[in-house]
Amino acid sequence: MKKILKFSIATLALSGILFAADYSKVSNDELIKMSGSVQPKDMLDYKIEVGKRVDEMTMKDANEFKNKIREQEKQVYDNMKVKDFKARQKAIMEAMKEQCKNDKPKCAKMDRFQNKHNEHFKKFDCDGNKPKK
């Protein structure tokens, strides 16, 4: 019974690794083009990759990169109906909350990048809760 349980846990952990989005080989321009249309289940990986890249840039380049991401995101969202936008945001928060339950270190890494670089998501932590002041 213990062997079956260990095998099941290992399989689940491996499937999480295999199906995680890998943005490390995507160019900055491609990351910008994806902004606003990344699948909710991939948003955590996307944000972590953006954060890693921003950390390696000069302040000027980082600001330009983040502004381009925000502009692209705004273009995508401006064409959405409000109900679709709200449904997307809810799906993103739920997906991130689920991923954070299963992978706390990854969530902590995203929180570090998000709090450092992204004003929009400072309103919520990885569990979808508003941070205490």
# chains A, B, ... in the order shown; residues from 1 in each chain; ligands from 1
call {"tool": "residues_around", "arguments": {"residues": "Val50 (chain A)", "least_positions_apart": "4", "cutoff": "8 Å", "atoms": "only C-alpha atoms", "output": "list in words"}}
result
Leu31, Tyr46 and Val54 of chain A
call {"tool": "residues_around", "arguments": {"residues": "Lys33 (chain A)", "least_positions_apart": "3", "cutoff": "9 Å", "atoms": "only C-alpha atoms", "output": "number ranges by chain"}}
result
A: 28-30, 36-37, 68-69, 72-73
call {"tool": "closest_residue", "arguments": {"among": "A:Ala21, A:Met43, A:Met34, A:Ala62", "to": "Ala91 (chain A)", "atoms": "only C-alpha atoms"}}
result
A:Met43
call {"tool": "residues_around", "arguments": {"residues": "Arg88 (chain A)", "least_positions_apart": "3", "cutoff": "12 Å", "atoms": "only C-alpha atoms", "output": "VMD selection string"}}
result
chain A and resid 36 to 41 43 76 to 77 80 to 85 91 to 95
call {"tool": "atom_distance", "arguments": {"atom1": "CA of Leu44 (chain A)", "atom2": "CA of Lys90 (chain A)"}}
result
14.0 Å
call {"tool": "select_by_dssp", "arguments": {"residues": "region 32-64 of chain A", "states": "alpha helix (DSSP H)", "output": "number ranges by chain"}}
result
A: 32-34, 43-55, 59-64
call {"tool": "atom_distance", "arguments": {"atom1": "CA of Lys60 (chain A)", "atom2": "CA of Val26 (chain A)"}}
result
21.1 Å
call {"tool": "atom_distance", "arguments": {"atom1": "CA of Asn79 (chain A)", "atom2": "CA of Lys97 (chain A)"}}
result
26.4 Å
call {"tool": "closest_residue", "arguments": {"among": "A:Gln75, A:Asn63, A:Asp45, A:Lys25", "to": "Asp103 (chain A)", "atoms": "only C-alpha atoms"}}
result
A:Asp45
